[in-house]
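Student: Okay, handing you the structure first.
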Number of protein chains: 6
Amino acid sequence: MKTKSRNATIVGPALPNIPWEDKPSSCREPLWRYSGNPIIRRDAMACSNSIFNSAVVPFGKEFAGVFRVDDITRQSHLHTGHSKDALNWTIQEQPLQFVDGPQGQPFEYGYDPRVVWLQDRYYVTWCNGFHSDPAIGCAWTKDFKQYHLMENLTLPCNRNGVLFPRKIGSNYAMLSRPSDTGHTPFGNIYYSQSPDLELWGRHRFVMGTTGGWQRTKIGPGPSPIETREGWLLFYHGVVTSCNGMNYSFGAALLDLEQPWKVIHRTRTYLLNPRELYECVGDVPNVVFPVAVLADSDTGRLAIYYGGADTVVALAFAQVDELLQFLKEDSKI
Amino acid sequence: MKTKSRNATIVGPALPNIPWEDKPSSCREPLWRYSGNPIIRRDAMACSNSIFNSAVVPFGKEFAGVFRVDDITRQSHLHTGHSKDALNWTIQEQPLQFVDGPQGQPFEYGYDPRVVWLQDRYYVTWCNGFHSDPAIGCAWTKDFKQYHLMENLTLPCNRNGVLFPRKIGSNYAMLSRPSDTGHTPFGNIYYSQSPDLELWGRHRFVMGTTGGWQRTKIGPGPSPIETREGWLLFYHGVVTSCNGMNYSFGAALLDLEQPWKVIHRTRTYLLNPRELYECVGDVPNVVFPVAVLADSDTGRLAIYYGGADTVVALAFAQVDELLQFLKEDSKI
Amino acid sequence: MKTKSRNATIVGPALPNIPWEDKPSSCREPLWRYSGNPIIRRDAMACSNSIFNSAVVPFGKEFAGVFRVDDITRQSHLHTGHSKDALNWTIQEQPLQFVDGPQGQPFEYGYDPRVVWLQDRYYVTWCNGFHSDPAIGCAWTKDFKQYHLMENLTLPCNRNGVLFPRKIGSNYAMLSRPSDTGHTPFGNIYYSQSPDLELWGRHRFVMGTTGGWQRTKIGPGPSPIETREGWLLFYHGVVTSCNGMNYSFGAALLDLEQPWKVIHRTRTYLLNPRELYECVGDVPNVVFPVAVLADSDTGRLAIYYGGADTVVALAFAQVDELLQFLKEDSKI
Amino acid sequence: MKTKSRNATIVGPALPNIPWEDKPSSCREPLWRYSGNPIIRRDAMACSNSIFNSAVVPFGKEFAGVFRVDDITRQSHLHTGHSKDALNWTIQEQPLQFVDGPQGQPFEYGYDPRVVWLQDRYYVTWCNGFHSDPAIGCAWTKDFKQYHLMENLTLPCNRNGVLFPRKIGSNYAMLSRPSDTGHTPFGNIYYSQSPDLELWGRHRFVMGTTGGWQRTKIGPGPSPIETREGWLLFYHGVVTSCNGMNYSFGAALLDLEQPWKVIHRTRTYLLNPRELYECVGDVPNVVFPVAVLADSDTGRLAIYYGGADTVVALAFAQVDELLQFLKEDSKI
Amino acid sequence: MKTKSRNATIVGPALPNIPWEDKPSSCREPLWRYSGNPIIRRDAMACSNSIFNSAVVPFGKEFAGVFRVDDITRQSHLHTGHSKDALNWTIQEQPLQFVDGPQGQPFEYGYDPRVVWLQDRYYVTWCNGFHSDPAIGCAWTKDFKQYHLMENLTLPCNRNGVLFPRKIGSNYAMLSRPSDTGHTPFGNIYYSQSPDLELWGRHRFVMGTTGGWQRTKIGPGPSPIETREGWLLFYHGVVTSCNGMNYSFGAALLDLEQPWKVIHRTRTYLLNPRELYECVGDVPNVVFPVAVLADSDTGRLAIYYGGADTVVALAFAQVDELLQFLKEDSKI
Amino acid sequence: MKTKSRNATIVGPALPNIPWEDKPSSCREPLWRYSGNPIIRRDAMACSNSIFNSAVVPFGKEFAGVFRVDDITRQSHLHTGHSKDALNWTIQEQPLQFVDGPQGQPFEYGYDPRVVWLQDRYYVTWCNGFHSDPAIGCAWTKDFKQYHLMENLTLPCNRNGVLFPRKIGSNYAMLSRPSDTGHTPFGNIYYSQSPDLELWGRHRFVMGTTGGWQRTKIGPGPSPIETREGWLLFYHGVVTSCNGMNYSFGAALLDLEQPWKVIHRTRTYLLNPRELYECVGDVPNVVFPVAVLADSDTGRLAIYYGGADTVVALAFAQVDELLQFLKEDSKI
């Protein structure tokens, strides 16, 4: 067991009710799956074809989230969900609606949402249809009832826009993965800056594809977690076989003040498709992380990821052990 | 429960021995799978690699059918089958042979057969090799012993030719899905007319792709079922992910006298690949409907579909409930 | 020396005013280009981007034709043209209109027209948009003023539908080249039969790709010319290089009563892109034959072909010499 | 009718030394080519493979420009050029260098530059390598000697970033064409806003592909010209044949205050590849406009465009005649 | 009939400790799977993402082998393994290293190894990175401790180089499958000859694709087994569906002295993906044979094959029964 | 003027009758085109579609060569040609025949021949069909009358096999460019060794693609020329635009004893498609060098190259000037 009393690694609030399951003794890796996976099945809602790639956050003493729900027309929507334990979720049947928004900036469709608490409210980002092409949409809410649509954060084509949980320097900060209009065969991670979450610039390249599981493309996963040693970023990576794309995920540690500088980065994946709910589904062989809960007291991390573009699953890690692994794996 | 005594929706004979299983109480959809699925496994025959996309009809007091059997060279053949209950099938080891046929019109290979009773005999249509390219082949039989090959109904490239069970106006009628020579990335449904099942013309566009599960291509499934409100057509739809094509199916209601006019059409699919025998097999993630049994007394429908291009499976619906669903879903 | 008194090879009327230029002494091939090529330039009309792949016929004592005119939006139209000498053409500024036609059978767009005199009128066939996909459209006219739209002759996807100039047996006859929705990478020639030009069937495979210049696809050119020895068909063939498709053309001799039987077929092309107006233009490296004038008295042939999908050009041949070449070339 | 005395259409300075050639009497179109085309040949410099897609502006009493020069390694560079008459150009042998620039924002490569006078200096935008992928680079100069590199204006992948010549509302404004990493098969025009030319947001869709010559993709050409009726934008459009992409160009009129609103747009192209220097070269069949000189006194426009990705060519128009054409063509 | 006392079919040593399981009574095919499959799971090693396509041989009284281990970076390595029963394997954590090798001939990566005892030592061949492209690498060992790297046996691009277990005529002999740099869509089997295992020539075509399961490509599997009737070669075959490539395997009998002459060849596959460990994994729907153990006393064969590019599995056959099947299947 | 009396750079015989034209004064590059280009037109023979990519050598006091002639079926053949001045060529109408050859090693087709004098005879290599796929064929002749077919030098897929003019160390040596079955999108140059021109091994990577004009693939051109400073190799390089592949050529200097070591290599091309006969033809935008004549007395080089895959053209260089350029260009 790695942590005692007060863990000083994670910069952030304690989350004593974080879902948790101790690491199985047989497990040699820094991440382990929840035994109750998948926590949300594809037919959890009357209208759902699949529920996956969804974002959860602490909300008061409980939890709230924005879920990617593909309905049985196979169109993507964002739905609000609530949970007491972050394991059993009640997702609202109606997609979330916006109470206001900028003129001429419609919400077309939404998928792969991220949610982050930033200063005084929650920001939701997602892949938003922008004249049909993918771009980064954004909205804010304080109560997960009323959502306020904002300007798109990027031009097309972009997916996986992820906000940092605080300003860096005097600016808000975002990671994103520029793409094309379809099943993009390339993808690197970029960093962008903004004084107001509306105007963006001073873009920086963060990191790109290498080889193995992260050979075809990579993209940011959940909002980065601030640690004493840097921003902890989970990111997905893709390799292409003769039978299509295979999505795994790893982690990187980014410089606290200049997050486009990569301190460490996993050469190995942390999780890859192995369980039936990850290998079989609408898109076989996908694990795709989009949210992390973190408890600064214990260093516990609960990583939410989509399985086979069909279900929501959960994995656990302990932050110090993970950072240690990251350092060593980075060196190999 | 929807029907009592005599159901007046389906125009056609009663079929008291239609296979049936009541809808599970947990099921919220208009279609439900047979609990004994798949009803025909891939290795049901000595020579079979897979048995799927097959057509069954009432035959006397029992049932007969034409089955797509891919042998262990992975070549496609049509085989005759018989059953007392339409669940347990005996399929002949030898592919069906033709006792006669037009000069210079060979049978090259056959897959995805449909069978329909039309006036005084059964007509079988299938995807027939026409100088190696796909076209619509046709034959007739009265006894499922002697098959008489007819002229090809179309030029290449076409798949999924489906005859209506009666003349419309003074003509026989067919739906088909023009294609290309390979794994066609497009597909709409067209209507064609013929005085004699040999000469065809006055083609009409019926319906095309929209979005979601029916974004890449659509094609007709079983021979349409005549109802008081229109022709009930089950049709397959395909969406393409980064890991290939995903086949679901829905339904449409076509005008009785001008079947190229679509009265209703499902926005949602009725069934999509979820069970292991639908998601795992020679072609993962395929459900493909090719036959329906209908009992006009009760309004019961038994839909036969292929799973993963590997097995034969069965689903049930009640016609009034289905039409009601179709109307409402069409409106959304 | 070409012919004397009465040539008995071509079955058809004399055409004393056929355009003609003697074969240059340096020419060793059975076809030679007109020295005034191209006879119609791309900007011959105010609205034209290009004029090519167009069909001409004798009309009274003069000539008429249907021209493919791509306007400066780059959309394809059919235009009527007239000429006294079949060299200098006046093309009407307005696309041809239809005075009537079947319900629910719109003209969407038209390209690559063919015109043939059949019994008592002219029939025009072309590639017609059928719910945006290519199919064979048809119309008739007696005066090149009033055009009567008919039913589409085929389902999509088909291009290059060509009618024979008389019934064969008791049926009208057509050659066509099934295709896909785009820049089709395959193509064979098929034969179809009809009692009324509306209902078609008894399709037969005629001939397919071989190698060399006719390796990627082949398709019928002008309406076949009846000769004592068979139907003389000019057809285009395509080979694909690392810089795209290259269109040449050759000829075949088809059996008079069973035209799906090929008696001879050129192994070599008769003409391929060599001149600047064939190699440079909207689609480089295309020669595409769509019409032939024939004089049965002299055996003279004037072949009209498109150059680089941009202009109309003309070549000449003498029928006996050509048939002799065809026999010998076929044997090699 | 060409205008007399003072033309009131163009909002901007007079340019009495604009290069000019009267419209040939035979010309029916609103644009006509310069008789001395191409004005810059591919081998105009010792090191040049090709010089094309280049931007020129009035500079003092003469002219200056930034030229795309692909050297004989076939790598793209930006070079400064000077001219007295805007026809005969002296291009510096050395690529332009930057005297300063933001940290961590390198110039990787540059192609397809645009130059615009904005407030008090010239801004140059181009397609800049951003970790090898295409993005919009920017720099400013006052003297065409010292160039100051600025932040990239966009994330990858983007090409054809074009600044408006003045602020609109309180913001600088840019048009751009999001793309992918290669020979992009899609492309629409978007509008973006910035208070400082560094931070960008409030993106709006302006216009997308339609059909014909602008079916595959479209993108902005030169910096828009302010007229009394709206912003006059020349833009390129692409259609794809079986032999590759064909680039033409047309024009649009955008709302003065809300330039993402399109008032008029040519259905026809204004210029397409017809001359040998447009049809033959490193990339056959390309005309690509990147700069316009405008004389508000006479309404004369001189449009500079690349030919076949190999040379620089010039065309002329008169603004009133062009706007009139645009209105009428838009209506068709 | 299984054979008793001394089987005279296999030319080679007895292997009394060959792993074995009698054929299930329900099995109608000449091959049957081991009930304990997969024998090596993907996570059998601490570092392994997957272990598959691996080669085993008798080694003293026990067994040794070279295993393809893809580590959790998804890079391929060769590892030595040992086993007493050829079922339970101990694989060394460290990839195998070479004690020497030719100058300028590096080992870049290794996958799909084969091992064969030839004269006085074991030779290992594999797909070796040759300046990143696939070629056939080779090494020898006598003790599975010290490996001696040899020259690459081929230029790129080649995969599946397989040595015969003895000289044929005066030469060493190899089968291989030329490929391209990626997920090669073609593949035939060729034969090459060498006096010294370093210089190769006198290449001969052996066999190519046909149809069905062996339509896209074929390639040699394990080192051929010498029998009285010819070389018994197991080979893989691939067919491509709309969801990717499907790998099965069959067998051929090659002439003993002129192995490029095929005596028999299965029209049907012997094994294809049906079990979950063959259909689900990193590359769904793959069975890929790379090693065979043979006992000449009993005619027993134990075939080792990869499942879904993820695990190692085992199947059994009896040589006489298999040869009989091969003859009959070849005739069909 | 570069050379006087005796030039000591080229190791080889004098060739006083080498074709030659002095460098135009306006030319700044080390290579210049012959003013009489193309020296062989596409229709130089009765049967020829095109004549290009052909190899010439001194033969007695005159010249001989092997020519790629694509006939008017568009199939490739090798033809013998003779010339007194190496400018005006007489090519035999009949393709060259082989008087003998190894069993089971047919000549299928031949293109892109090279010829080299080696010890006591001429060796011809070419791209030979090997069961339809491309491989390196070889034959020898002493008189350009009797050709003796040898074993293929490589397995498929390979093109552009080029022999060195003498043994290096104790082995014959070859450069080649492994490829795939079609319009290969990759290509590097490899070196292979042989004691007898039949068995090959000890392959070495020589050089690969970089960027610019040599970004897609590179391949060896003529047989290397021995100089005091190394082997002078002309090689082709390809870059791909949205309109296909563009072939240029450059040069490299290889180590005399270890030719897989590159001493210098042009960053710029030496020649690229600019003239109409290089830009327009069966494959637009191709210059492809296959032969060089060299005069050791004067250092003159005459480089024969194919234009647009249609004609034979000629360029000149002086060896010292070229080597000097190569050194300097290599440094940039």
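Letters A, B, ... mark the chains of the structure tokens in the order given; residue numbers begin at 1 per chain; ligand numbers begin at 1, in order shown.
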Quick one: pick out all helix (DSSP H, G or I) residues within stretch 112-281 of chain C from a backbone DSSP run and write them as a list of chain:residue names.

Tutor: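 Checking each residue of stretch 112-281 of chain C, the helix (DSSP H, G or I) ones are C:Gly212, C:Trp213, C:Gln214, C:Leu276, C:Tyr277, C:Glu278, C:Cys279.
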
Student: Write a file of the selected residues as a PDB file, in the first residue's frame, keeping N, CA, C and O atoms.

Tutor:
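Ended up saving to selection-v3.pdb:
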ATOM      1  N   GLY C 212      -3.698  -4.529 -71.297  1.00  0.00           N
ATOM      2  CA  GLY C 212      -3.202  -3.384 -72.056  1.00  0.00           C
ATOM      3  C   GLY C 212      -4.145  -2.202 -71.964  1.00  0.00           C
ATOM      4  O   GLY C 212      -4.587  -1.835 -70.866  1.00  0.00           O
ATOM      5  N   TRP C 213      -4.472  -1.625 -73.110  1.00  0.00           N
ATOM      6  CA  TRP C 213      -5.279  -0.394 -73.133  1.00  0.00           C
ATOM      7  C   TRP C 213      -6.715  -0.641 -72.678  1.00  0.00           C
ATOM      8  O   TRP C 213      -7.447   0.316 -72.397  1.00  0.00           O
ATOM      9  N   GLN C 214      -7.143  -1.898 -72.630  1.00  0.00           N
ATOM     10  CA  GLN C 214      -8.523  -2.224 -72.252  1.00  0.00           C
ATOM     11  C   GLN C 214      -8.529  -3.062 -70.974  1.00  0.00           C
ATOM     12  O   GLN C 214      -9.292  -3.984 -70.819  1.00  0.00           O
ATOM     13  N   LEU C 276      -2.454  17.152 -78.933  1.00  0.00           N
ATOM     14  CA  LEU C 276      -2.568  18.012 -77.774  1.00  0.00           C
ATOM     15  C   LEU C 276      -4.020  18.138 -77.315  1.00  0.00           C
ATOM     16  O   LEU C 276      -4.305  18.176 -76.117  1.00  0.00           O
ATOM     17  N   TYR C 277      -4.964  18.176 -78.254  1.00  0.00           N
ATOM     18  CA  TYR C 277      -6.384  18.324 -77.867  1.00  0.00           C
ATOM     19  C   TYR C 277      -6.962  17.033 -77.310  1.00  0.00           C
ATOM     20  O   TYR C 277      -8.110  16.999 -76.887  1.00  0.00           O
ATOM     21  N   GLU C 278      -6.193  15.976 -77.331  1.00  0.00           N
ATOM     22  CA  GLU C 278      -6.612  14.716 -76.709  1.00  0.00           C
ATOM     23  C   GLU C 278      -5.907  14.506 -75.362  1.00  0.00           C
ATOM     24  O   GLU C 278      -6.417  13.852 -74.468  1.00  0.00           O
ATOM     25  N   CYS C 279      -4.701  15.085 -75.260  1.00  0.00           N
ATOM     26  CA  CYS C 279      -3.870  14.863 -74.068  1.00  0.00           C
ATOM     27  C   CYS C 279      -4.029  15.958 -73.016  1.00  0.00           C
ATOM     28  O   CYS C 279      -3.706  15.750 -71.856  1.00  0.00           O
TER      29      CYS C 279
END

Student: Dump as a PyMOL selection string the residues of chain E that approach chain A to within 10 Å, counting only C-alpha atoms.

Tutor: chain E and resi 42-43+46-47+49+70-76+182-185+240-246+276+280-285+310

Student: List as a PyMOL selection string the protein and nucleic acid residues near E:Phe186, meaning an atom at most 10 Å away when only C-alpha atoms are counted, but skip any in the same chain fewer than 6 places from it.

Tutor: (chain E and resi 177-180+208-209+215-219+238) or (chain F and resi 180-181)

Student: May I have the residues within 8 Å of F:Ala291 as a list in words, using only C-alpha atoms and disregarding those fewer than 5 positions away in the same chain?

Tutor: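 Returned residues: Ser54, Ala55, Val56, Val57, Arg114, Val115, Gly221, Pro222, Ser223, Ile303, Tyr304 and Tyr305 of chain F.
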
Student: Put those residues in a file: N, CA and C atoms, as a short mmCIF file (atom, residue, chain, number, x, y, z; two decimals), in the first residue's frame.

Tutor:
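And here is the file that came out, result_15.cif:
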data_model
loop_
_atom_site.label_atom_id
_atom_site.label_comp_id
_atom_site.auth_asym_id
_atom_site.auth_seq_id
_atom_site.Cartn_x
_atom_site.Cartn_y
_atom_site.Cartn_z
N SER F 54 14.74 3.38 -72.12
CA SER F 54 15.50 2.42 -72.92
C SER F 54 16.98 2.58 -72.68
N ALA F 55 17.72 1.49 -72.95
CA ALA F 55 19.12 1.42 -72.54
C ALA F 55 20.02 1.27 -73.76
N VAL F 56 21.06 2.08 -73.82
CA VAL F 56 21.98 2.02 -74.95
C VAL F 56 23.41 1.89 -74.44
N VAL F 57 24.26 1.26 -75.25
CA VAL F 57 25.67 1.04 -74.90
C VAL F 57 26.51 1.15 -76.18
N ARG F 114 17.85 -2.24 -68.58
CA ARG F 114 19.20 -1.67 -68.47
C ARG F 114 20.15 -2.63 -69.16
N VAL F 115 21.22 -2.08 -69.71
CA VAL F 115 22.25 -2.90 -70.34
C VAL F 115 23.60 -2.47 -69.79
N GLY F 221 18.77 4.47 -61.55
CA GLY F 221 18.60 4.71 -62.97
C GLY F 221 19.56 3.84 -63.77
N PRO F 222 20.52 4.45 -64.47
CA PRO F 222 21.45 3.68 -65.28
C PRO F 222 22.44 2.91 -64.40
N SER F 223 23.13 1.99 -65.00
CA SER F 223 24.25 1.31 -64.35
C SER F 223 25.24 2.36 -63.87
N ILE F 303 23.10 11.28 -71.09
CA ILE F 303 22.12 10.55 -70.27
C ILE F 303 20.84 10.35 -71.07
N TYR F 304 20.42 9.11 -71.22
CA TYR F 304 19.18 8.77 -71.93
C TYR F 304 18.06 8.59 -70.93
N TYR F 305 16.97 9.26 -71.19
CA TYR F 305 15.85 9.16 -70.25
C TYR F 305 14.53 9.12 -71.00
#

Student: Using backbone DSSP assignments, extract all strand (DSSP E or B) residues from stretch 63-115 of chain E; output them as a PyMOL selection string.

Tutor: chain E and resi 63-71+76-83+90-91+98-100+110-115

Student: Atoms to include: C-alpha atoms. Write the selected residues as a PDB file, in the first residue's frame.

Tutor:
ATOM      1  CA  PHE E  63      10.778 -28.851 -26.054  1.00  0.00           C
ATOM      2  CA  ALA E  64      12.030 -25.421 -26.856  1.00  0.00           C
ATOM      3  CA  GLY E  65      10.655 -22.619 -28.942  1.00  0.00           C
ATOM      4  CA  VAL E  66      10.876 -19.071 -30.148  1.00  0.00           C
ATOM      5  CA  PHE E  67       7.841 -17.006 -29.299  1.00  0.00           C
ATOM      6  CA  ARG E  68       6.405 -13.871 -30.756  1.00  0.00           C
ATOM      7  CA  VAL E  69       5.789 -11.650 -27.768  1.00  0.00           C
ATOM      8  CA  ASP E  70       4.280  -8.251 -28.394  1.00  0.00           C
ATOM      9  CA  ASP E  71       5.050  -6.234 -25.305  1.00  0.00           C
ATOM     10  CA  SER E  76       7.220  -7.295 -31.435  1.00  0.00           C
ATOM     11  CA  HIS E  77      10.022  -9.360 -29.928  1.00  0.00           C
ATOM     12  CA  LEU E  78      11.344 -12.890 -30.095  1.00  0.00           C
ATOM     13  CA  HIS E  79      11.630 -14.756 -26.808  1.00  0.00           C
ATOM     14  CA  THR E  80      13.002 -18.181 -25.995  1.00  0.00           C
ATOM     15  CA  GLY E  81      10.693 -20.641 -24.242  1.00  0.00           C
ATOM     16  CA  HIS E  82      11.026 -24.110 -22.754  1.00  0.00           C
ATOM     17  CA  SER E  83       8.560 -26.829 -21.901  1.00  0.00           C
ATOM     18  CA  THR E  90       8.127 -21.056 -19.572  1.00  0.00           C
ATOM     19  CA  ILE E  91       9.055 -18.065 -21.657  1.00  0.00           C
ATOM     20  CA  PHE E  98      22.493 -12.373 -30.608  1.00  0.00           C
ATOM     21  CA  VAL E  99      26.065 -13.174 -29.677  1.00  0.00           C
ATOM     22  CA  ASP E 100      27.345 -12.269 -33.110  1.00  0.00           C
ATOM     23  CA  GLY E 110      11.136  -9.764 -35.103  1.00  0.00           C
ATOM     24  CA  TYR E 111       7.771 -11.388 -35.542  1.00  0.00           C
ATOM     25  CA  ASP E 112       6.141 -14.603 -36.700  1.00  0.00           C
ATOM     26  CA  PRO E 113       9.216 -16.795 -36.092  1.00  0.00           C
ATOM     27  CA  ARG E 114       9.726 -20.290 -37.469  1.00  0.00           C
ATOM     28  CA  VAL E 115      12.246 -22.782 -36.088  1.00  0.00           C
TER      29      VAL E 115
END

Student: May I ask which of the residues F:Lys84, F:Lys261, F:Arg41, F:Arg166 is the closest one to F:Leu197, counting only C-alpha atoms?

Tutor: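 For F:Leu197, the nearest of the candidates is F:Arg166.
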
Student: Near A:Val11, within 10 Å and counting only C-alpha atoms, which residues show up once chain neighbours fewer than 4 positions away are dropped, as a compact mmCIF listing (two decimals) with N, CA and C atoms, in the first residue's frame?

Tutor:
# COMPACT_ATOMS: atom_id res chain seq x y z
N ASN A 7 -1.93 12.24 1.62
CA ASN A 7 -1.12 12.18 0.41
C ASN A 7 -0.93 13.59 -0.12
N ILE A 225 -4.92 16.28 -14.34
CA ILE A 225 -4.95 16.35 -12.87
C ILE A 225 -3.67 17.02 -12.40
N GLU A 226 -3.85 18.04 -11.57
CA GLU A 226 -2.65 18.73 -11.09
C GLU A 226 -2.01 17.91 -9.98
N THR A 227 -0.70 17.67 -10.15
CA THR A 227 0.07 17.01 -9.08
C THR A 227 1.27 17.89 -8.78
N ARG A 228 1.94 17.57 -7.71
CA ARG A 228 3.13 18.35 -7.32
C ARG A 228 4.19 18.27 -8.42
N GLU A 229 4.14 17.24 -9.21
CA GLU A 229 5.22 17.03 -10.18
C GLU A 229 4.86 17.45 -11.59
N GLY A 230 3.61 17.78 -11.78
CA GLY A 230 3.20 18.17 -13.13
C GLY A 230 1.75 17.81 -13.36
N TRP A 231 1.28 18.14 -14.54
CA TRP A 231 -0.08 17.79 -14.91
C TRP A 231 -0.11 16.33 -15.36
N ALA A 294 -10.37 12.13 -8.50
CA ALA A 294 -9.12 12.05 -7.76
C ALA A 294 -9.36 12.45 -6.31
N ASP A 295 -8.80 11.68 -5.43
CA ASP A 295 -8.90 12.01 -4.00
C ASP A 295 -7.52 12.40 -3.50
N SER A 296 -7.35 13.66 -3.17
CA SER A 296 -6.02 14.12 -2.79
C SER A 296 -5.58 13.55 -1.45
N ASP A 297 -6.52 13.12 -0.64
CA ASP A 297 -6.14 12.54 0.65
C ASP A 297 -5.42 11.21 0.52
N GLY A 299 -4.73 9.77 -2.68
CA GLY A 299 -4.06 9.59 -3.97
C GLY A 299 -4.81 8.64 -4.88

Student: Quote the spacing between atom CA of F:Val312 and atom CA of C:Glu328 in Å to one decimal place.

Tutor: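 Atom CA of C:Glu328 lies at a distance of 29.9 Å from atom CA of F:Val312.
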
Student: Mind pulling up the distance from atom CA of B:Ala302 to atom CA of B:Ser48?

Tutor: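 Value for the atom CA of B:Ser48-atom CA of B:Ala302 distance: 24.5 Å.
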